[in-house]
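> This one is entry-v9.pdb, PDB, C-alpha atoms.
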ATOM      1  CA  MET A   1     151.347 103.945  58.602
ATOM      2  CA  ASN A   2     147.795 103.296  59.884
ATOM      3  CA  ARG A   3     145.597 105.867  61.624
ATOM      4  CA  ALA A   4     146.186 104.460  65.137
ATOM      5  CA  SER A   5     149.977 104.656  64.698
ATOM      6  CA  LEU A   6     149.705 108.185  63.351
ATOM      7  CA  LEU A   7     147.530 109.244  66.293
ATOM      8  CA  GLN A   8     149.983 107.769  68.796
ATOM      9  CA  GLU A   9     152.946 109.397  67.082
ATOM     10  CA  THR A  10     151.174 112.758  66.991
ATOM     11  CA  ALA A  11     150.095 112.396  70.624
ATOM     12  CA  ALA A  12     153.733 111.992  71.641
ATOM     13  CA  TRP A  13     154.382 115.666  70.949
ATOM     14  CA  MET A  14     150.918 117.219  71.043
ATOM     15  CA  ASP A  15     147.931 117.013  73.397
ATOM     16  CA  THR A  16     144.776 115.775  71.715
ATOM     17  CA  VAL A  17     142.471 116.639  74.619
ATOM     18  CA  ASP A  18     142.569 120.217  75.921
ATOM     19  CA  LEU A  19     144.007 120.559  79.432
ATOM     20  CA  ALA A  20     140.936 122.375  80.785
ATOM     21  CA  LEU A  21     138.658 119.620  79.493
ATOM     22  CA  CYS A  22     140.936 116.976  81.009
ATOM     23  CA  LEU A  23     140.707 118.664  84.396
ATOM     24  CA  PHE A  24     136.916 118.939  84.290
ATOM     25  CA  ILE A  25     136.675 115.261  83.371
ATOM     26  CA  TYR A  26     139.214 114.450  86.111
ATOM     27  CA  GLU A  27     136.985 116.101  88.712
ATOM     28  CA  VAL A  28     134.066 113.911  87.678
ATOM     29  CA  CYS A  29     135.816 110.589  87.016
ATOM     30  CA  ASN A  30     138.785 110.414  89.366
ATOM     31  CA  ASP A  31     138.280 107.848  92.104
ATOM     32  CA  TYR A  32     134.864 106.958  90.638
ATOM     33  CA  GLN A  33     135.238 105.681  87.096
ATOM     34  CA  PHE A  34     138.985 105.221  87.554
ATOM     35  CA  GLU A  35     140.917 104.261  90.641
ATOM     36  CA  TYR A  36     142.676 107.308  92.074
ATOM     37  CA  LEU A  37     145.167 108.917  89.691
ATOM     38  CA  SER A  38     147.229 112.057  89.963
ATOM     39  CA  GLY A  39     146.014 114.897  87.765
ATOM     40  CA  SER A  40     149.080 114.670  85.534
ATOM     41  CA  ASP A  41     148.642 110.911  85.041
ATOM     42  CA  PHE A  42     144.993 111.445  84.143
ATOM     43  CA  VAL A  43     145.862 114.137  81.579
ATOM     44  CA  ASN A  44     148.556 111.901  80.103
ATOM     45  CA  PHE A  45     146.139 108.961  79.981
ATOM     46  CA  LEU A  46     143.526 110.968  78.072
ATOM     47  CA  ASN A  47     146.197 112.198  75.689
ATOM     48  CA  LEU A  48     147.574 108.682  75.061
ATOM     49  CA  LYS A  49     150.862 109.461  76.779
ATOM     50  CA  PRO A  50     152.723 107.259  79.275
ATOM     51  CA  THR A  51     151.505 107.404  82.873
ATOM     52  CA  GLY A  52     153.424 106.934  86.093
ATOM     53  CA  ARG A  53     151.301 103.910  86.971
ATOM     54  CA  ALA A  54     148.697 101.700  85.370
ATOM     55  CA  VAL A  55     145.218 103.178  84.952
ATOM     56  CA  ILE A  56     142.530 100.973  86.474
ATOM     57  CA  VAL A  57     139.046 101.503  85.103
ATOM     58  CA  ARG A  58     136.192 100.721  87.472
ATOM     59  CA  THR A  59     133.023  99.243  86.113
ATOM     60  CA  ILE A  60     130.494 100.937  88.354
ATOM     61  CA  ARG A  61     127.214 101.546  86.608
ATOM     62  CA  PRO A  62     125.463 104.841  87.432
ATOM     63  CA  ARG A  63     122.689 103.101  89.364
ATOM     64  CA  GLU A  64     125.249 101.175  91.457
ATOM     65  CA  ARG A  65     127.194 104.375  92.067
ATOM     66  CA  GLY A  66     124.035 106.056  93.369
ATOM     67  CA  LYS A  67     123.280 103.087  95.584
ATOM     68  CA  LEU A  68     126.809 103.067  97.018
ATOM     69  CA  TRP A  69     126.627 106.811  97.624
ATOM     70  CA  SER A  70     123.245 106.636  99.365
ATOM     71  CA  GLU A  71     124.349 103.757 101.607
ATOM     72  CA  GLU A  72     127.487 105.639 102.640
ATOM     73  CA  PHE A  73     125.498 108.855 103.188
ATOM     74  CA  LEU A  74     122.975 107.072 105.423
ATOM     75  CA  LYS A  75     125.813 105.483 107.404
ATOM     76  CA  ARG A  76     127.467 108.875 107.934
ATOM     77  CA  CYS A  77     124.131 110.284 109.131
ATOM     78  CA  GLY A  78     123.650 107.386 111.548
ATOM     79  CA  ILE A  79     120.492 106.146 109.757
ATOM     80  CA  SER A  80     120.093 102.395 109.298
ATOM     81  CA  LYS A  81     119.164 101.122 105.849
ATOM     82  CA  SER A  82     116.175  99.255 107.277
ATOM     83  CA  TYR A  83     114.833 102.413 108.960
ATOM     84  CA  TYR A  84     115.309 104.417 105.759
ATOM     85  CA  ASP A  85     113.616 101.772 103.614
ATOM     86  CA  LYS A  86     110.658 101.681 106.006
ATOM     87  CA  HIS A  87     110.191 105.464 106.307
ATOM     88  CA  ARG A  88     111.554 107.053 103.118
ATOM     89  CA  SER A  89     108.140 107.615 101.550
ATOM     90  CA  ASP A  90     106.427 108.823 104.752
ATOM     91  CA  VAL A  91     106.671 112.436 103.565
ATOM     92  CA  CYS A  92     104.552 111.541 100.531
ATOM     93  CA  ASN A  93     101.715 110.113 102.652
ATOM     94  CA  LYS A  94      98.615 112.078 103.587
ATOM     95  CA  GLY A  95      99.595 112.004 107.265
ATOM     96  CA  ALA A  96     102.856 113.875 106.704
ATOM     97  CA  THR A  97     103.116 117.235 108.459
ATOM     98  CA  LYS A  98     103.099 120.421 106.422
ATOM     99  CA  GLU A  99     106.595 121.140 107.705
ATOM    100  CA  ASN A 100     107.867 117.805 106.344
ATOM    101  CA  GLN A 101     106.086 118.317 103.028
ATOM    102  CA  ASP A 102     107.580 121.815 102.686
ATOM    103  CA  PHE A 103     111.029 120.464 103.523
ATOM    104  CA  ARG A 104     110.650 117.781 100.834
ATOM    105  CA  LYS A 105     109.624 120.428  98.297
ATOM    106  CA  SER A 106     112.685 122.506  99.211
ATOM    107  CA  ILE A 107     114.961 119.508  98.656
ATOM    108  CA  ASP A 108     113.242 118.760  95.323
ATOM    109  CA  ARG A 109     113.794 122.386  94.229
ATOM    110  CA  ALA A 110     117.459 122.216  95.240
ATOM    111  CA  VAL A 111     117.946 119.052  93.167
ATOM    112  CA  GLU A 112     116.133 120.606  90.206
ATOM    113  CA  ASN A 113     118.262 123.775  90.430
ATOM    114  CA  ALA A 114     121.446 121.686  90.476
ATOM    115  CA  ARG A 115     120.265 119.721  87.431
ATOM    116  CA  ARG A 116     119.496 122.903  85.527
ATOM    117  CA  LEU A 117     122.856 124.378  86.450
ATOM    118  CA  LYS A 118     124.672 121.281  85.182
ATOM    119  CA  GLY A 119     122.396 120.894  82.175
ATOM    120  CA  THR A 120     121.349 117.403  83.308
ATOM    121  CA  PRO A 121     117.996 116.218  81.951
TER     122      PRO A 121
END
Could you show the structure in this file as structure tokens?


Amino acid sequence: MNRASLLQETAAWMDTVDLALCLFIYEVCNDYQFEYLSGSDFVNFLNLKPTGRAVIVRTIRPRERGKLWSEEFLKRCGISKSYYDKHRSDVCNKGATKENQDFRKSIDRAVENARRLKGTP
């Protein structure tokens, strides 16, 4: 019996990946890296068990994912991409108001705090 067969046989009666870890990964990956799956199908998939339906892996690179998110966010805010592209660095220019500069700094701090909280470099 080879190692792959042994792992599959063992997985049939025992979870390899802890349930809590599966659920944390599910929160991050579901409907992003994988097309939507139920939580139980996702846990079964990670533990090499049968799923109720096929698992479809998306091939979205992180940069593409960020681009898709930003485009959707702008659309929801009613901001055209052309307007954003033209004005996105205005706050960095010398002519920017103090209020806009302070707002930018507040956003930068919020992003930095979120990165520290998640342990993201």

> With the PyMOL selection byres ((chain A and resi 57-68) around 10) as the selection, what would be picked from this file? Answer as a PDB file with C-alpha atoms, in the coordinates of the input, please.


ATOM      1  CA  CYS A  29     135.816 110.589  87.016  1.00  0.00           C
ATOM      2  CA  ASN A  30     138.785 110.414  89.366  1.00  0.00           C
ATOM      3  CA  ASP A  31     138.280 107.848  92.104  1.00  0.00           C
ATOM      4  CA  TYR A  32     134.864 106.958  90.638  1.00  0.00           C
ATOM      5  CA  GLN A  33     135.238 105.681  87.096  1.00  0.00           C
ATOM      6  CA  PHE A  34     138.985 105.221  87.554  1.00  0.00           C
ATOM      7  CA  GLU A  35     140.917 104.261  90.641  1.00  0.00           C
ATOM      8  CA  TYR A  36     142.676 107.308  92.074  1.00  0.00           C
ATOM      9  CA  ALA A  54     148.697 101.700  85.370  1.00  0.00           C
ATOM     10  CA  VAL A  55     145.218 103.178  84.952  1.00  0.00           C
ATOM     11  CA  ILE A  56     142.530 100.973  86.474  1.00  0.00           C
ATOM     12  CA  TRP A  69     126.627 106.811  97.624  1.00  0.00           C
ATOM     13  CA  SER A  70     123.245 106.636  99.365  1.00  0.00           C
ATOM     14  CA  GLU A  71     124.349 103.757 101.607  1.00  0.00           C
ATOM     15  CA  GLU A  72     127.487 105.639 102.640  1.00  0.00           C
ATOM     16  CA  PHE A  73     125.498 108.855 103.188  1.00  0.00           C
TER      17      PHE A  73
END

> Once the PyMOL selection byres ((chain A and resi 19) around 12) is applied to the coordinates I shared, what remains selected? I want it as an MDAnalysis selection string.

chainID A and resid 14:18 20:26 39:40 42:47

> Could you jot down the atom CA of A:Glu112 to atom CA of A:Glu99 separation for me, Å, one decimal place?

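Interatomic distance here is 19.9 Å.
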
> Kindly compute an axis-aligned box around the listed atoms of stretch 66-75 of chain A, allowing 8 Å on each side, and express its centre and edge lengths in Å to one decimal as AutoDock Vina command-line options.


--center_x 125.2 --center_y 106.0 --center_z 100.4 --size_x 20.5 --size_y 21.8 --size_z 30.0

> Which value, in Å to one decimal, gives the distance between atom CA of A:Asn93 and atom CA of A:Leu74?

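Calculated distance between atom CA of A:Asn93 and atom CA of A:Leu74 is 21.7 Å.
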